[in-house]
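**Q** Below is the file final-v3.pdb, which contains PDB, C-alpha atoms and all ligand atoms.
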```pdb
MODEL        1
ATOM      1  CA  MET A   1      22.388   2.049  17.989
ATOM      2  CA  SER A   2      20.479   5.177  17.207
ATOM      3  CA  SER A   3      17.198   5.865  15.519
ATOM      4  CA  ILE A   4      17.572   6.711  11.816
ATOM      5  CA  LEU A   5      13.877   6.930  10.982
ATOM      6  CA  ARG A   6      11.071   7.694  13.396
ATOM      7  CA  VAL A   7       7.510   7.946  12.133
ATOM      8  CA  GLN A   8       4.884   9.223  14.568
ATOM      9  CA  ASN A   9       1.147   9.105  13.967
ATOM     10  CA  LEU A  10       1.593   9.770  10.290
ATOM     11  CA  THR A  11      -1.595  10.465   8.348
ATOM     12  CA  LYS A  12      -2.002  11.420   4.706
ATOM     13  CA  SER A  13      -5.335  12.335   3.178
ATOM     14  CA  TYR A  14      -6.361  13.653  -0.185
ATOM     15  CA  GLN A  15      -9.364  15.844  -0.792
ATOM     16  CA  SER A  16     -11.417  14.795  -3.770
ATOM     17  CA  GLY A  17     -14.463  16.998  -4.185
ATOM     18  CA  ASN A  18     -16.128  17.075  -0.785
ATOM     19  CA  ARG A  19     -14.789  13.645   0.171
ATOM     20  CA  THR A  20     -11.626  12.978   2.140
ATOM     21  CA  LEU A  21      -9.610   9.951   1.088
ATOM     22  CA  THR A  22      -7.293   8.805   3.886
ATOM     23  CA  VAL A  23      -4.471   6.766   2.350
ATOM     24  CA  LEU A  24      -2.283   6.566   5.476
ATOM     25  CA  ASP A  25      -3.932   6.409   8.860
ATOM     26  CA  ASN A  26      -1.926   7.040  12.022
ATOM     27  CA  VAL A  27       1.198   5.060  11.129
ATOM     28  CA  SER A  28       4.018   4.858  13.698
ATOM     29  CA  PHE A  29       7.335   2.994  13.844
ATOM     30  CA  ASP A  30      10.941   3.530  14.779
ATOM     31  CA  LEU A  31      13.874   2.174  12.801
ATOM     32  CA  GLN A  32      17.412   1.708  14.083
ATOM     33  CA  ALA A  33      20.418   2.738  11.996
ATOM     34  CA  GLY A  34      22.015  -0.112  10.063
ATOM     35  CA  ASP A  35      18.902  -2.250  10.136
ATOM     36  CA  THR A  36      17.060  -3.728   7.171
ATOM     37  CA  PHE A  37      13.357  -3.371   6.869
ATOM     38  CA  SER A  38      10.565  -4.133   4.427
ATOM     39  CA  ILE A  39       7.098  -2.759   3.887
ATOM     40  CA  VAL A  40       4.586  -5.139   2.350
ATOM     41  CA  GLY A  41       0.886  -4.888   1.600
ATOM     42  CA  PRO A  42      -1.669  -5.036  -1.205
ATOM     43  CA  SER A  43      -1.669  -2.670  -4.181
ATOM     44  CA  GLY A  44      -3.080   0.695  -3.149
ATOM     45  CA  SER A  45      -2.424   0.151   0.574
ATOM     46  CA  GLY A  46      -0.220   3.255   0.835
ATOM     47  CA  LYS A  47       3.338   1.850   0.573
ATOM     48  CA  THR A  48       4.683   4.321  -2.009
ATOM     49  CA  THR A  49       2.960   7.177  -0.201
ATOM     50  CA  LEU A  50       4.608   6.131   3.076
ATOM     51  CA  LEU A  51       8.044   5.871   1.454
ATOM     52  CA  GLY A  52       7.695   9.328  -0.108
ATOM     53  CA  LEU A  53       6.813  10.857   3.263
ATOM     54  CA  CYS A  54       9.706   9.092   5.029
ATOM     55  CA  ALA A  55      12.168  10.350   2.422
ATOM     56  CA  GLY A  56      10.888  13.921   2.620
ATOM     57  CA  LEU A  57       9.560  13.911  -0.942
ATOM     58  CA  ASP A  58       6.066  14.749   0.195
ATOM     59  CA  ARG A  59       4.334  16.310   3.219
ATOM     60  CA  ALA A  60       2.017  14.512   5.600
ATOM     61  CA  SER A  61      -1.444  15.777   6.567
ATOM     62  CA  SER A  62      -0.530  15.219  10.209
ATOM     63  CA  GLY A  63       2.078  13.430  12.284
ATOM     64  CA  SER A  64       5.869  13.598  12.163
ATOM     65  CA  VAL A  65       8.860  12.071  10.424
ATOM     66  CA  TYR A  66      12.330  12.274  11.977
ATOM     67  CA  LEU A  67      15.099  11.327   9.564
ATOM     68  CA  ASN A  68      18.498  11.000  11.233
ATOM     69  CA  ASN A  69      16.939  12.991  14.117
ATOM     70  CA  VAL A  70      15.943  15.871  11.838
ATOM     71  CA  GLN A  71      12.215  16.581  11.969
ATOM     72  CA  LEU A  72      11.129  16.907   8.339
ATOM     73  CA  ASP A  73       7.671  18.387   8.933
ATOM     74  CA  ASN A  74       8.874  21.872   9.766
ATOM     75  CA  LEU A  75      11.384  22.188   6.952
ATOM     76  CA  THR A  76      10.968  24.153   3.738
ATOM     77  CA  GLU A  77      11.103  22.337   0.395
ATOM     78  CA  ASP A  78      14.739  23.467  -0.063
ATOM     79  CA  GLN A  79      15.744  22.283   3.396
ATOM     80  CA  ARG A  80      14.122  18.906   2.777
ATOM     81  CA  ALA A  81      16.010  18.642  -0.537
ATOM     82  CA  GLN A  82      19.225  19.249   1.390
ATOM     83  CA  VAL A  83      18.446  16.515   3.905
ATOM     84  CA  ARG A  84      17.645  14.127   1.033
ATOM     85  CA  ASN A  85      20.871  14.976  -0.744
ATOM     86  CA  GLN A  86      22.871  14.396   2.421
ATOM     87  CA  TYR A  87      21.347  11.188   3.743
ATOM     88  CA  VAL A  88      18.903   9.578   1.361
ATOM     89  CA  GLY A  89      19.048   7.264  -1.641
ATOM     90  CA  PHE A  90      15.767   6.565  -3.394
ATOM     91  CA  ILE A  91      14.889   3.979  -6.026
ATOM     92  CA  PHE A  92      11.502   4.869  -7.468
ATOM     93  CA  GLN A  93       8.854   2.402  -8.564
ATOM     94  CA  ASN A  94       8.860   4.128 -11.978
ATOM     95  CA  PHE A  95      12.653   4.810 -11.989
ATOM     96  CA  GLN A  96      12.366   8.572 -12.652
ATOM     97  CA  LEU A  97      15.513   8.822 -14.710
ATOM     98  CA  MET A  98      15.990  12.061 -16.581
ATOM     99  CA  PRO A  99      15.053  11.305 -20.203
ATOM    100  CA  THR A 100      17.456  13.832 -21.737
ATOM    101  CA  LEU A 101      20.506  12.476 -19.875
ATOM    102  CA  THR A 102      22.483   9.321 -20.669
ATOM    103  CA  ALA A 103      22.781   6.485 -18.153
ATOM    104  CA  LEU A 104      26.187   7.807 -17.071
ATOM    105  CA  GLU A 105      24.934  11.386 -16.720
ATOM    106  CA  ASN A 106      21.934  10.231 -14.677
ATOM    107  CA  VAL A 107      24.266   8.539 -12.190
ATOM    108  CA  MET A 108      26.463  11.651 -12.069
ATOM    109  CA  VAL A 109      23.654  14.039 -11.078
ATOM    110  CA  PRO A 110      23.642  13.549  -7.277
ATOM    111  CA  MET A 111      27.439  13.792  -7.095
ATOM    112  CA  GLU A 112      27.479  16.906  -9.278
ATOM    113  CA  LEU A 113      24.813  18.480  -7.093
ATOM    114  CA  ARG A 114      27.167  18.067  -4.170
ATOM    115  CA  GLY A 115      29.995  19.666  -6.173
ATOM    116  CA  GLU A 116      32.212  16.593  -6.092
ATOM    117  CA  LYS A 117      35.208  15.976  -8.374
ATOM    118  CA  GLY A 118      35.997  13.022 -10.650
ATOM    119  CA  VAL A 119      32.334  12.147 -10.884
ATOM    120  CA  SER A 120      32.307  10.546 -14.343
ATOM    121  CA  LYS A 121      34.894   7.955 -13.311
ATOM    122  CA  ARG A 122      32.956   7.088 -10.161
ATOM    123  CA  ALA A 123      29.655   7.023 -12.043
ATOM    124  CA  LEU A 124      31.150   4.546 -14.519
ATOM    125  CA  GLU A 125      32.364   2.335 -11.660
ATOM    126  CA  LEU A 126      28.849   2.334 -10.225
ATOM    127  CA  LEU A 127      27.329   1.467 -13.608
ATOM    128  CA  ASP A 128      29.862  -1.341 -13.895
ATOM    129  CA  ARG A 129      28.724  -2.715 -10.521
ATOM    130  CA  VAL A 130      25.183  -3.045 -11.830
ATOM    131  CA  GLY A 131      26.474  -4.604 -15.065
ATOM    132  CA  LEU A 132      25.780  -1.624 -17.326
ATOM    133  CA  ALA A 133      29.182  -0.153 -18.212
ATOM    134  CA  ALA A 134      28.520  -0.999 -21.868
ATOM    135  CA  ARG A 135      25.286   1.017 -21.795
ATOM    136  CA  GLN A 136      26.743   4.198 -20.310
ATOM    137  CA  HIS A 137      25.918   6.383 -23.330
ATOM    138  CA  HIS A 138      22.363   5.098 -23.762
ATOM    139  CA  TYR A 139      19.391   7.311 -22.970
ATOM    140  CA  PRO A 140      16.639   5.867 -20.719
ATOM    141  CA  MET A 141      14.337   5.213 -23.715
ATOM    142  CA  GLN A 142      17.131   3.071 -25.229
ATOM    143  CA  LEU A 143      17.238   0.894 -22.097
ATOM    144  CA  SER A 144      14.967  -1.963 -21.040
ATOM    145  CA  GLY A 145      12.864  -1.594 -17.883
ATOM    146  CA  GLY A 146      15.285  -3.744 -15.880
ATOM    147  CA  GLU A 147      18.256  -1.740 -17.149
ATOM    148  CA  GLN A 148      16.576   1.516 -16.166
ATOM    149  CA  GLN A 149      15.952  -0.019 -12.740
ATOM    150  CA  ARG A 150      19.669  -0.749 -12.402
ATOM    151  CA  VAL A 151      20.699   2.763 -13.509
ATOM    152  CA  SER A 152      18.332   4.041 -10.847
ATOM    153  CA  LEU A 153      20.085   1.784  -8.325
ATOM    154  CA  ALA A 154      23.545   3.026  -9.358
ATOM    155  CA  ARG A 155      22.281   6.601  -8.979
ATOM    156  CA  ALA A 156      20.921   5.875  -5.499
ATOM    157  CA  PHE A 157      24.302   4.376  -4.492
ATOM    158  CA  SER A 158      26.210   7.431  -5.758
ATOM    159  CA  ASN A 159      24.901   9.400  -2.802
ATOM    160  CA  GLN A 160      26.503   6.987  -0.311
ATOM    161  CA  PRO A 161      23.234   7.315   1.566
ATOM    162  CA  LYS A 162      22.739   6.619   5.255
ATOM    163  CA  ILE A 163      19.337   5.251   4.338
ATOM    164  CA  LEU A 164      18.184   3.708   1.065
ATOM    165  CA  PHE A 165      14.489   3.639   0.196
ATOM    166  CA  ALA A 166      13.676   1.243  -2.622
ATOM    167  CA  ASP A 167      10.172   0.947  -4.046
ATOM    168  CA  GLU A 168       9.811  -2.505  -5.641
ATOM    169  CA  PRO A 169      13.531  -2.726  -6.508
ATOM    170  CA  THR A 170      13.110  -6.110  -8.189
ATOM    171  CA  GLY A 171       9.618  -5.599  -9.591
ATOM    172  CA  ASN A 172      10.733  -5.516 -13.235
ATOM    173  CA  LEU A 173      13.677  -7.870 -13.152
ATOM    174  CA  ASP A 174      14.187 -11.493 -14.182
ATOM    175  CA  THR A 175      15.269 -13.920 -11.470
ATOM    176  CA  GLU A 176      18.982 -13.710 -12.227
ATOM    177  CA  THR A 177      19.176  -9.908 -12.441
ATOM    178  CA  SER A 178      16.914  -9.641  -9.423
ATOM    179  CA  GLU A 179      19.356 -11.743  -7.405
ATOM    180  CA  LYS A 180      22.244  -9.490  -8.449
ATOM    181  CA  VAL A 181      20.356  -6.357  -7.502
ATOM    182  CA  VAL A 182      19.326  -7.798  -4.132
ATOM    183  CA  ASN A 183      22.924  -8.818  -3.418
ATOM    184  CA  LEU A 184      24.141  -5.310  -4.260
ATOM    185  CA  ILE A 185      21.578  -3.728  -1.978
ATOM    186  CA  PHE A 186      22.436  -5.993   0.949
ATOM    187  CA  GLU A 187      26.177  -5.485   0.327
ATOM    188  CA  LEU A 188      25.593  -1.782   0.778
ATOM    189  CA  ASN A 189      24.022  -2.572   4.144
ATOM    190  CA  ARG A 190      26.891  -4.858   5.205
ATOM    191  CA  GLU A 191      29.778  -2.749   3.892
ATOM    192  CA  LYS A 192      28.577   0.761   4.693
ATOM    193  CA  GLY A 193      25.919   0.134   7.307
ATOM    194  CA  THR A 194      23.291   1.701   5.032
ATOM    195  CA  THR A 195      19.813   1.297   6.468
ATOM    196  CA  LEU A 196      17.510  -0.380   3.958
ATOM    197  CA  VAL A 197      13.794   0.258   3.609
ATOM    198  CA  LEU A 198      12.363  -1.920   0.843
ATOM    199  CA  VAL A 199       8.821  -1.957  -0.469
ATOM    200  CA  THR A 200       8.211  -5.300  -2.086
ATOM    201  CA  HIS A 201       5.605  -7.825  -3.151
ATOM    202  CA  ASP A 202       8.312 -10.493  -3.037
ATOM    203  CA  LEU A 203       7.925 -12.220   0.320
ATOM    204  CA  GLU A 204      11.215 -14.074  -0.123
ATOM    205  CA  LEU A 205      12.998 -10.739  -0.406
ATOM    206  CA  ALA A 206      11.062  -9.352   2.558
ATOM    207  CA  ALA A 207      12.128 -12.368   4.631
ATOM    208  CA  LYS A 208      15.766 -11.377   4.092
ATOM    209  CA  THR A 209      15.223  -8.134   5.982
ATOM    210  CA  GLY A 210      15.268  -7.899   9.757
ATOM    211  CA  ARG A 211      11.751  -6.598  10.143
ATOM    212  CA  ILE A 212       8.574  -6.650   8.090
ATOM    213  CA  ILE A 213       5.821  -4.069   8.418
ATOM    214  CA  ARG A 214       2.585  -5.014   6.735
ATOM    215  CA  ILE A 215       0.122  -2.309   5.831
ATOM    216  CA  LYS A 216      -3.428  -2.594   4.667
ATOM    217  CA  GLY A 217      -5.787   0.238   3.826
ATOM    218  CA  GLY A 218      -3.252   2.755   5.146
ATOM    219  CA  SER A 219      -2.808   1.162   8.589
ATOM    220  CA  VAL A 220      -0.091  -1.044  10.031
ATOM    221  CA  VAL A 221      -1.620  -4.495  10.549
ATOM    222  CA  SER A 222       1.540  -6.287  11.665
ATOM    223  CA  ASP A 223       5.140  -5.517  12.558
ATOM    224  CA  THR A 224       7.341  -8.597  12.732
ATOM    225  CA  ILE A 225      10.989  -9.221  13.515
ATOM    226  CA  THR A 226      12.109 -11.926  11.073
ATOM    227  CA  ALA A 227      14.070 -14.979  12.167
ATOM    228  CA  ASP A 228      16.132 -15.890   9.107
ATOM    229  CA  ARG A 229      17.423 -12.430   8.342
ATOM    230  CA  VAL A 230      20.577 -11.843   6.317
ATOM    231  CA  GLU A 231      23.425 -11.298   8.789
ATOM    232  CA  THR A 232      24.443  -7.676   9.059
ATOM    233  CA  SER A 233      27.956  -6.747  10.109
ATOM    234  CA  SER A 234      28.614  -6.456  13.813
ATOM    235  CA  ARG A 235      28.731  -2.782  14.536
TER
HETATM  236  N1  LIG B 301      -2.091  12.395  -5.521
HETATM  237  C1  LIG B 301      -3.053  11.553  -5.126
HETATM  238  N2  LIG B 301      -4.334  11.950  -5.044
HETATM  239  C2  LIG B 301      -5.308  11.110  -4.633
HETATM  240  N3  LIG B 301      -5.108   9.826  -4.266
HETATM  241  C3  LIG B 301      -3.849   9.373  -4.337
HETATM  242  C4  LIG B 301      -2.761  10.178  -4.763
HETATM  243  N4  LIG B 301      -1.631   9.440  -4.710
HETATM  244  C5  LIG B 301      -2.008   8.225  -4.297
HETATM  245  N5  LIG B 301      -3.351   8.163  -4.071
HETATM  246  C6  LIG B 301      -4.111   6.994  -3.579
HETATM  247  O1  LIG B 301      -3.489   6.526  -2.411
HETATM  248  C7  LIG B 301      -3.580   5.123  -2.329
HETATM  249  C8  LIG B 301      -2.224   4.539  -1.980
HETATM  250  O2  LIG B 301      -1.345   4.713  -3.080
HETATM  251  P1  LIG B 301       0.136   4.149  -3.064
HETATM  252  O3  LIG B 301       0.775   4.538  -4.346
HETATM  253  O4  LIG B 301       0.806   4.597  -1.822
HETATM  254  O5  LIG B 301      -0.121   2.579  -3.017
HETATM  255  P2  LIG B 301       0.904   1.358  -3.013
HETATM  256  O6  LIG B 301       0.690   0.601  -1.764
HETATM  257  O7  LIG B 301       2.265   1.863  -3.305
HETATM  258  O8  LIG B 301       0.364   0.482  -4.231
HETATM  259  P3  LIG B 301       1.166  -0.394  -5.347
HETATM  260  O9  LIG B 301       1.548  -1.688  -4.671
HETATM  261  O10 LIG B 301       0.133  -0.593  -6.404
HETATM  262  O11 LIG B 301       2.343   0.413  -5.823
HETATM  263  C9  LIG B 301      -4.132   4.649  -3.650
HETATM  264  O12 LIG B 301      -5.483   4.249  -3.457
HETATM  265  C10 LIG B 301      -4.037   5.846  -4.549
HETATM  266  O13 LIG B 301      -5.103   5.868  -5.464
HETATM  267 MG    MG B 302       3.558   1.660  -4.926
ENDMDL
END
```
Render the structure in this file as structure tokens.
Ligand SMILES: Nc1ncnc2c1ncn2[C@@H]1O[C@H](COP(=O)(O)OP(=O)(O)OP(=O)(O)O)[C@@H](O)[C@H]1O
Ligand SMILES: [Mg+2]
**A**
Amino acid sequence: MSSILRVQNLTKSYQSGNRTLTVLDNVSFDLQAGDTFSIVGPSGSGKTTLLGLCAGLDRASSGSVYLNNVQLDNLTEDQRAQVRNQYVGFIFQNFQLMPTLTALENVMVPMELRGEKGVSKRALELLDRVGLAARQHHYPMQLSGGEQQRVSLARAFSNQPKILFADEPTGNLDTETSEKVVNLIFELNREKGTTLVLVTHDLELAAKTGRIIRIKGGSVVSDTITADRVETSSR
């Protein structure tokens, strides 16, 4: 198996006035393709920041990120957008759906950006998988938080990503919907070999992944291979 995500001595600081706030401090890990992985830690510990850097949404202060063996640090914003479009699915903590587009249109965006054909049919299939076919013409403000979360999931799937980053994918969902969403995410791993990187406060969900990285105050405090992981396909 090959490395899909390699993080080396990653540090992110913000300047506020004459003070430097270090939110990620020298974080390193290496993730194998097809694996499942969770990042846990208290609120404010740097999880969302770390995910954004790994997905090429943001730039580090120092250190390196290699995504699918492409070093992101030296790329321009456009080049990073290309890498994201090619390899990455992202489910944001705050969904980030486009407010002026319907649920269906939101799911279509990544496929349209890649110039694909027959996108509305495929987008509808994806919405159906997350149980939202009947809401296809609704705008985000006409959807509940959990429904927006699921549209965001369908959109992330539309990319057929090599790696899916999900920031609190079940944070706003009831138990039943949460189970459905988790099953969908793990199916993607089993069926397509998609690498999963989940940020979660749900330790039961974390325990389903193969490895748990715990961060606190911007540093990795533990890195554990879990015993009762969900079986991934033999590849
Ligand atoms: N643009 C910014 N400027 C200054 N500080 C920031 C900025 N973005 C994030 N931070 C700080 O970085 C720290 C880590 O934020 P981050 O969003 O990564 O936390 P988190 O672990 O995802 O927390 P939560 O579980 O609440 O989502 C926080 O203390 C936050 O205030
Ligand atoms: Mg966060």
**Q** Apply the PyMOL selection byres (((chain A and resi 17-23) around 9) and not hetatm) to the displayed file and report the matching residues as a list in words.
**A**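 For this structure, the PyMOL selection byres (((chain A and resi 17-23) around 9) and not hetatm) captures Thr11, Lys12, Ser13, Tyr14, Gln15, Ser16, Leu24, Asp25, Gly44, Ser45, Gly46, Thr49, Gly217, Gly218 and Ser219 of chain A.
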**Q** Pick out the residues sitting within 10 Å of Leu51 (chain A), and hand them over as JSON, numbers by chain; count only C-alpha atoms, and ignore anything fewer than 3 positions along from it in its own chain.
**A** {"A": [39, 46, 47, 48, 54, 55, 56, 57, 58, 90, 92, 165, 166, 167, 197, 198, 199]}
**Q** Export, as a short mmCIF file (atom, residue, chain, number, x, y, z; two decimals), keeping the file's coordinate frame, the selected residues with C-alpha atoms.
**A**
```cif
data_model
loop_
_atom_site.label_atom_id
_atom_site.label_comp_id
_atom_site.auth_asym_id
_atom_site.auth_seq_id
_atom_site.Cartn_x
_atom_site.Cartn_y
_atom_site.Cartn_z
CA ILE A 39 7.10 -2.76 3.89
CA GLY A 46 -0.22 3.26 0.84
CA LYS A 47 3.34 1.85 0.57
CA THR A 48 4.68 4.32 -2.01
CA CYS A 54 9.71 9.09 5.03
CA ALA A 55 12.17 10.35 2.42
CA GLY A 56 10.89 13.92 2.62
CA LEU A 57 9.56 13.91 -0.94
CA ASP A 58 6.07 14.75 0.20
CA PHE A 90 15.77 6.56 -3.39
CA PHE A 92 11.50 4.87 -7.47
CA PHE A 165 14.49 3.64 0.20
CA ALA A 166 13.68 1.24 -2.62
CA ASP A 167 10.17 0.95 -4.05
CA VAL A 197 13.79 0.26 3.61
CA LEU A 198 12.36 -1.92 0.84
CA VAL A 199 8.82 -1.96 -0.47
#
```
**Q** What separation in Å, quoted to one decimal, exists between CA of Glu191 (chain A) and CA of Arg211 (chain A)?
**A**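 If I compute the distance from CA of Glu191 (chain A) to CA of Arg211 (chain A), I get 19.5 Å.
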**Q** Calculate, to one decimal in Å, the centre and edge lengths of the box along x, y and z of the file that holds all listed atoms of region 72-85 of chain A with 8 Å of margin on each side, and present them as AutoDock Vina command-line options.
**A**
```
--center_x 14.3 --center_y 19.1 --center_z 4.5 --size_x 29.2 --size_y 26.0 --size_z 26.5
```
**Q** In terms of the shortest atom-to-atom distance over only C-alpha atoms, which of A:Val151, A:Leu173, A:Val119, A:Leu203 is closest to Met98 (chain A)?
**A**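 Smallest distance to Met98 (chain A) is found for A:Val151.
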**Q** Between A:Val7, A:Ile225, A:Ile215, A:Val27, which one has atoms that come closest to ligand MG 302 (chain B), using all atoms listed in the file?
**A**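 The shortest atom-to-atom distance to ligand MG 302 (chain B) comes from A:Ile215.
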**Q** May I ask you to restore N, CA and C atoms in region 47-73 of chain A and write the result as a PDB file, keeping the file's coordinate frame?
**A**
```pdb
ATOM      1  N   LYS A  47       1.898   2.091   0.397  1.00  0.00           N
ATOM      2  CA  LYS A  47       3.338   1.850   0.573  1.00  0.00           C
ATOM      3  C   LYS A  47       4.192   2.956  -0.057  1.00  0.00           C
ATOM      4  N   THR A  48       3.899   3.285  -1.324  1.00  0.00           N
ATOM      5  CA  THR A  48       4.683   4.321  -2.009  1.00  0.00           C
ATOM      6  C   THR A  48       4.487   5.672  -1.326  1.00  0.00           C
ATOM      7  N   THR A  49       3.262   5.934  -0.913  1.00  0.00           N
ATOM      8  CA  THR A  49       2.960   7.177  -0.201  1.00  0.00           C
ATOM      9  C   THR A  49       3.795   7.269   1.078  1.00  0.00           C
ATOM     10  N   LEU A  50       3.846   6.166   1.829  1.00  0.00           N
ATOM     11  CA  LEU A  50       4.608   6.131   3.076  1.00  0.00           C
ATOM     12  C   LEU A  50       6.096   6.373   2.812  1.00  0.00           C
ATOM     13  N   LEU A  51       6.629   5.721   1.775  1.00  0.00           N
ATOM     14  CA  LEU A  51       8.044   5.871   1.454  1.00  0.00           C
ATOM     15  C   LEU A  51       8.371   7.322   1.097  1.00  0.00           C
ATOM     16  N   GLY A  52       7.488   7.935   0.299  1.00  0.00           N
ATOM     17  CA  GLY A  52       7.695   9.328  -0.108  1.00  0.00           C
ATOM     18  C   GLY A  52       7.712  10.276   1.083  1.00  0.00           C
ATOM     19  N   LEU A  53       6.857  10.004   2.064  1.00  0.00           N
ATOM     20  CA  LEU A  53       6.813  10.857   3.263  1.00  0.00           C
ATOM     21  C   LEU A  53       8.074  10.655   4.101  1.00  0.00           C
ATOM     22  N   CYS A  54       8.512   9.394   4.222  1.00  0.00           N
ATOM     23  CA  CYS A  54       9.706   9.092   5.029  1.00  0.00           C
ATOM     24  C   CYS A  54      10.948   9.738   4.430  1.00  0.00           C
ATOM     25  N   ALA A  55      10.989   9.815   3.099  1.00  0.00           N
ATOM     26  CA  ALA A  55      12.168  10.350   2.422  1.00  0.00           C
ATOM     27  C   ALA A  55      12.089  11.863   2.237  1.00  0.00           C
ATOM     28  N   GLY A  56      11.014  12.469   2.725  1.00  0.00           N
ATOM     29  CA  GLY A  56      10.888  13.921   2.620  1.00  0.00           C
ATOM     30  C   GLY A  56      10.538  14.397   1.223  1.00  0.00           C
ATOM     31  N   LEU A  57       9.956  13.515   0.414  1.00  0.00           N
ATOM     32  CA  LEU A  57       9.560  13.911  -0.942  1.00  0.00           C
ATOM     33  C   LEU A  57       8.180  14.557  -0.937  1.00  0.00           C
ATOM     34  N   ASP A  58       7.453  14.321   0.133  1.00  0.00           N
ATOM     35  CA  ASP A  58       6.066  14.749   0.195  1.00  0.00           C
ATOM     36  C   ASP A  58       5.775  15.140   1.648  1.00  0.00           C
ATOM     37  N   ARG A  59       4.691  15.880   1.859  1.00  0.00           N
ATOM     38  CA  ARG A  59       4.334  16.310   3.219  1.00  0.00           C
ATOM     39  C   ARG A  59       3.111  15.544   3.722  1.00  0.00           C
ATOM     40  N   ALA A  60       3.143  15.218   4.997  1.00  0.00           N
ATOM     41  CA  ALA A  60       2.017  14.512   5.600  1.00  0.00           C
ATOM     42  C   ALA A  60       0.887  15.483   5.900  1.00  0.00           C
ATOM     43  N   SER A  61      -0.332  14.944   6.124  1.00  0.00           N
ATOM     44  CA  SER A  61      -1.444  15.777   6.567  1.00  0.00           C
ATOM     45  C   SER A  61      -1.316  16.051   8.060  1.00  0.00           C
ATOM     46  N   SER A  62      -0.865  15.009   8.805  1.00  0.00           N
ATOM     47  CA  SER A  62      -0.530  15.219  10.209  1.00  0.00           C
ATOM     48  C   SER A  62       0.456  14.146  10.643  1.00  0.00           C
ATOM     49  N   GLY A  63       1.063  14.353  11.798  1.00  0.00           N
ATOM     50  CA  GLY A  63       2.078  13.430  12.284  1.00  0.00           C
ATOM     51  C   GLY A  63       3.471  13.905  11.914  1.00  0.00           C
ATOM     52  N   SER A  64       4.494  13.149  12.350  1.00  0.00           N
ATOM     53  CA  SER A  64       5.869  13.598  12.163  1.00  0.00           C
ATOM     54  C   SER A  64       6.766  12.510  11.610  1.00  0.00           C
ATOM     55  N   VAL A  65       7.792  12.959  10.881  1.00  0.00           N
ATOM     56  CA  VAL A  65       8.860  12.071  10.424  1.00  0.00           C
ATOM     57  C   VAL A  65      10.188  12.671  10.884  1.00  0.00           C
ATOM     58  N   TYR A  66      10.982  11.867  11.609  1.00  0.00           N
ATOM     59  CA  TYR A  66      12.330  12.274  11.977  1.00  0.00           C
ATOM     60  C   TYR A  66      13.311  11.413  11.195  1.00  0.00           C
ATOM     61  N   LEU A  67      14.107  12.051  10.345  1.00  0.00           N
ATOM     62  CA  LEU A  67      15.099  11.327   9.564  1.00  0.00           C
ATOM     63  C   LEU A  67      16.466  11.719  10.106  1.00  0.00           C
ATOM     64  N   ASN A  68      17.204  10.717  10.611  1.00  0.00           N
ATOM     65  CA  ASN A  68      18.498  11.000  11.233  1.00  0.00           C
ATOM     66  C   ASN A  68      18.355  12.113  12.292  1.00  0.00           C
ATOM     67  N   ASN A  69      17.265  12.046  13.052  1.00  0.00           N
ATOM     68  CA  ASN A  69      16.939  12.991  14.117  1.00  0.00           C
ATOM     69  C   ASN A  69      16.606  14.405  13.652  1.00  0.00           C
ATOM     70  N   VAL A  70      16.414  14.586  12.343  1.00  0.00           N
ATOM     71  CA  VAL A  70      15.943  15.871  11.838  1.00  0.00           C
ATOM     72  C   VAL A  70      14.443  15.744  11.584  1.00  0.00           C
ATOM     73  N   GLN A  71      13.659  16.640  12.186  1.00  0.00           N
ATOM     74  CA  GLN A  71      12.215  16.581  11.969  1.00  0.00           C
ATOM     75  C   GLN A  71      11.878  17.229  10.630  1.00  0.00           C
ATOM     76  N   LEU A  72      11.338  16.429   9.706  1.00  0.00           N
ATOM     77  CA  LEU A  72      11.129  16.907   8.339  1.00  0.00           C
ATOM     78  C   LEU A  72       9.935  17.843   8.207  1.00  0.00           C
ATOM     79  N   ASP A  73       8.963  17.695   9.102  1.00  0.00           N
ATOM     80  CA  ASP A  73       7.671  18.387   8.933  1.00  0.00           C
ATOM     81  C   ASP A  73       7.785  19.901   8.923  1.00  0.00           C
TER      82      ASP A  73
END
```
